[in-house]
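First comes the structure, then the notes that go with it.
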Amino acid sequence: MLPSIDLLADSGSLARGRDYFRQGRVVRFKVAGDGAVEGVVEGEHFYRVRLMARSWDCDCPMGVSGVFCKHCVAVALAAEAGAEAGAEPDATSRTATPRPASPSGPRQSDTSGLAEAQKQIVAVFRSRRNFYDWRSVEQYADIAEAGIQQLREAAHRWGAGALVPTVQKSIAAAVRVILHADDSNGTIGYLVDQLLALHAELCTQDPPPAKKLVDWLIDFQFDGSQDFFTPDVAAYADALGTPGLTLFETRLRNIQSQLPVVIGGEPDFSRLQVRHNLRRLAVARRDPEAVIDSFDDLSRSYQLHDAAKALVEIGAIDLALEFAKRGGSTADGWQAQKCAHYWCELLAEHRSHDDEVDARGWVFERWSTASNALTLARTMGDGWESVAEDAYARLASRSIRDLIETFLGLGLDERAWLSAQQGEVLDSGLWTRLVAVREVRDPVSVLPVLRHLIDSDLEVADARNYKSAAKRLKQLRQAMAAAGVGDDFADIVAELRERHKRRPRFLEELRKARL
């Protein structure tokens, strides 16, 4: 049982809380398992409220001081309204939004509450605030996630077609939010991607008129309001049908014909967007020849890679394998290697194990790296032993580091350590790994390496280097003790203290490490 708001709130908080409730600012509330009511209220920021029988919490400036604030009033009223409407415990809901019916309940014929539900769902995604700190972005995302769930529940109750316009308005609202938000971590962008996926799903379930859907797909991408989200026409193939796809292509060609001619330099965004849509249109039509024709420069590995992936989407596996292999055979460096890996993955899924082994061997021959050696070893299994020594010799002739990485990856720690003694300059990260696998078995052998790593850390005055040196000193102390020369450690620390006595931050790190 919730506390009486008339007794707990002052007249100002009561009035403003009632206004917030009537304005639909309680964007989310639920009854938790312990009977507490938890809610989120949109004010100057989003505020979280928790109401219990004898206590309450709100993270607004008034609430943290213990006042039963306007946000508490609004959530209490929302909970009261939900109880009167028969809301179930633990049900997340937007204030006054009707709960969805069961699968056997009324759908299109029951329109009661639909307009109000549509209005309040869209309001979840709207905001005039600036979201320039991570906390406000996370708050918005939390509420918007609930809004996406409400869209799904509403579509279940009233039918997919009735909610398509609502999803479109929600997408537009979320895109406008991104325009005044710091979404560098992609949180809001991910929400828009979810909304776009839901839009395609609902359109497929209950297709709108083809012209209306094409108008939306074109306007969303080319009306100038945003240039960072692209609906995938292939996801709308069933909703559009052949006539809709033809109309979509006509509209794209019209846009393309009106674009200025580019002589040299990079094409503008609209031209790139048209090109991308035409490629996805070929996938939507499941036409292998059109897919291939949609790529303008199939001499480049990244385009061959993309073409192979598109061909896989439409089930043209033989062609996909051909294009992936071609992409791995170009001279494009890392992009060619990436495409070659994709070719191997396709062989693993669609061809024999021997075909994959042969391909992995070809990749290793061309790019003799530790990563490719380890992948080949995993693929060959017991057969690796028959080619291992030749592979090690090939690696040694190109890069001792890759040879050592391969030995470490295969658990051949002794061979890794011996290879490291060949005199090639290795980075501190690799030496650190070598020490980690060696110090228990042979602590004496790691002592000079640790001394060298500590001196290397201290070559540059930097707080991170000081922390690293202190950490290595603790490791050195342990290794010296295991080697039976622990009594000499104090002299090493004393010598370092004297040598770096003008580095107070380093001396402080030694103190904190109890050295």
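How things are named: the first chain in the structure tokens is A, the next is B, and so on; residues count from 1 in each chain; ligands count from 1 in the order shown.
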
For A:Ala393, work out the shell of residues within 9 Å, counting only C-alpha atoms and skipping chain neighbours fewer than 5 positions away, then give it as a PyMOL selection string. chain A and resi 388+398+403

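All residues of protein, DNA or RNA that reach within 9 Å of stretch 58-66 of chain A, judged by only C-alpha atoms and not counting those fewer than 4 positions away in the chain, are His45, Phe46, Tyr47, Arg48, Val49, Arg50, Leu51, Lys70, His71 and Cys72 of chain A.
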
Running DSSP on the backbone, which parts of stretch 201-263 of chain A land in alpha helix (DSSP H), as a ChimeraX atom specification? /A:201-205,210-222,237-258

Any chance you can output those residues with C-alpha atoms as a PDB file, in the first residue's frame?
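What follows is the written file selection.pdb:
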```pdb
ATOM      1  CA  GLU A 201       8.873  -6.681 -39.644  1.00  0.00           C
ATOM      2  CA  LEU A 202       5.458  -5.031 -39.243  1.00  0.00           C
ATOM      3  CA  CYS A 203       5.317  -4.013 -42.913  1.00  0.00           C
ATOM      4  CA  THR A 204       5.996  -7.619 -43.896  1.00  0.00           C
ATOM      5  CA  GLN A 205       3.232  -8.865 -41.588  1.00  0.00           C
ATOM      6  CA  ALA A 210       3.350  -0.098 -52.030  1.00  0.00           C
ATOM      7  CA  LYS A 211       3.451   3.563 -53.096  1.00  0.00           C
ATOM      8  CA  LYS A 212       3.053   4.726 -49.513  1.00  0.00           C
ATOM      9  CA  LEU A 213       5.881   2.494 -48.314  1.00  0.00           C
ATOM     10  CA  VAL A 214       8.159   3.525 -51.194  1.00  0.00           C
ATOM     11  CA  ASP A 215       7.469   7.203 -50.428  1.00  0.00           C
ATOM     12  CA  TRP A 216       8.552   6.658 -46.834  1.00  0.00           C
ATOM     13  CA  LEU A 217      11.695   4.696 -47.768  1.00  0.00           C
ATOM     14  CA  ILE A 218      12.765   7.403 -50.227  1.00  0.00           C
ATOM     15  CA  ASP A 219      11.846  10.394 -48.079  1.00  0.00           C
ATOM     16  CA  PHE A 220      13.560   9.007 -44.982  1.00  0.00           C
ATOM     17  CA  GLN A 221      16.841   8.724 -46.867  1.00  0.00           C
ATOM     18  CA  PHE A 222      16.771  11.661 -49.264  1.00  0.00           C
ATOM     19  CA  ALA A 237      11.014  -7.330 -50.359  1.00  0.00           C
ATOM     20  CA  ASP A 238       7.885  -9.246 -49.354  1.00  0.00           C
ATOM     21  CA  ALA A 239       6.078  -6.101 -48.218  1.00  0.00           C
ATOM     22  CA  LEU A 240       6.768  -4.269 -51.495  1.00  0.00           C
ATOM     23  CA  GLY A 241       6.303  -7.129 -53.918  1.00  0.00           C
ATOM     24  CA  THR A 242       7.400  -6.897 -57.542  1.00  0.00           C
ATOM     25  CA  PRO A 243       5.393  -3.713 -58.313  1.00  0.00           C
ATOM     26  CA  GLY A 244       6.736  -1.968 -55.206  1.00  0.00           C
ATOM     27  CA  LEU A 245      10.341  -2.915 -55.969  1.00  0.00           C
ATOM     28  CA  THR A 246       9.909  -1.629 -59.527  1.00  0.00           C
ATOM     29  CA  LEU A 247       8.505   1.663 -58.230  1.00  0.00           C
ATOM     30  CA  PHE A 248      11.364   1.925 -55.739  1.00  0.00           C
ATOM     31  CA  GLU A 249      13.902   1.497 -58.548  1.00  0.00           C
ATOM     32  CA  THR A 250      12.129   4.127 -60.657  1.00  0.00           C
ATOM     33  CA  ARG A 251      12.313   6.628 -57.815  1.00  0.00           C
ATOM     34  CA  LEU A 252      16.010   5.849 -57.270  1.00  0.00           C
ATOM     35  CA  ARG A 253      16.782   6.272 -60.967  1.00  0.00           C
ATOM     36  CA  ASN A 254      14.975   9.620 -60.983  1.00  0.00           C
ATOM     37  CA  ILE A 255      17.096  10.818 -58.061  1.00  0.00           C
ATOM     38  CA  GLN A 256      20.223   9.500 -59.746  1.00  0.00           C
ATOM     39  CA  SER A 257      19.458  11.343 -62.995  1.00  0.00           C
ATOM     40  CA  GLN A 258      19.155  14.655 -61.146  1.00  0.00           C
TER      41      GLN A 258
END
```

Counting only C-alpha atoms, which residue out of A:Ser428, A:Val137, A:Leu196, A:Thr406 sits closest to A:Ser184?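 Of the candidates, the smallest distance to A:Ser184 is held by A:Val137.
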
Please measure the separation of atom CA of A:Arg22 and atom CA of A:Leu195, giving the value in Å to one decimal.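 Separation of atom CA of A:Arg22 and atom CA of A:Leu195: 27.2 Å.
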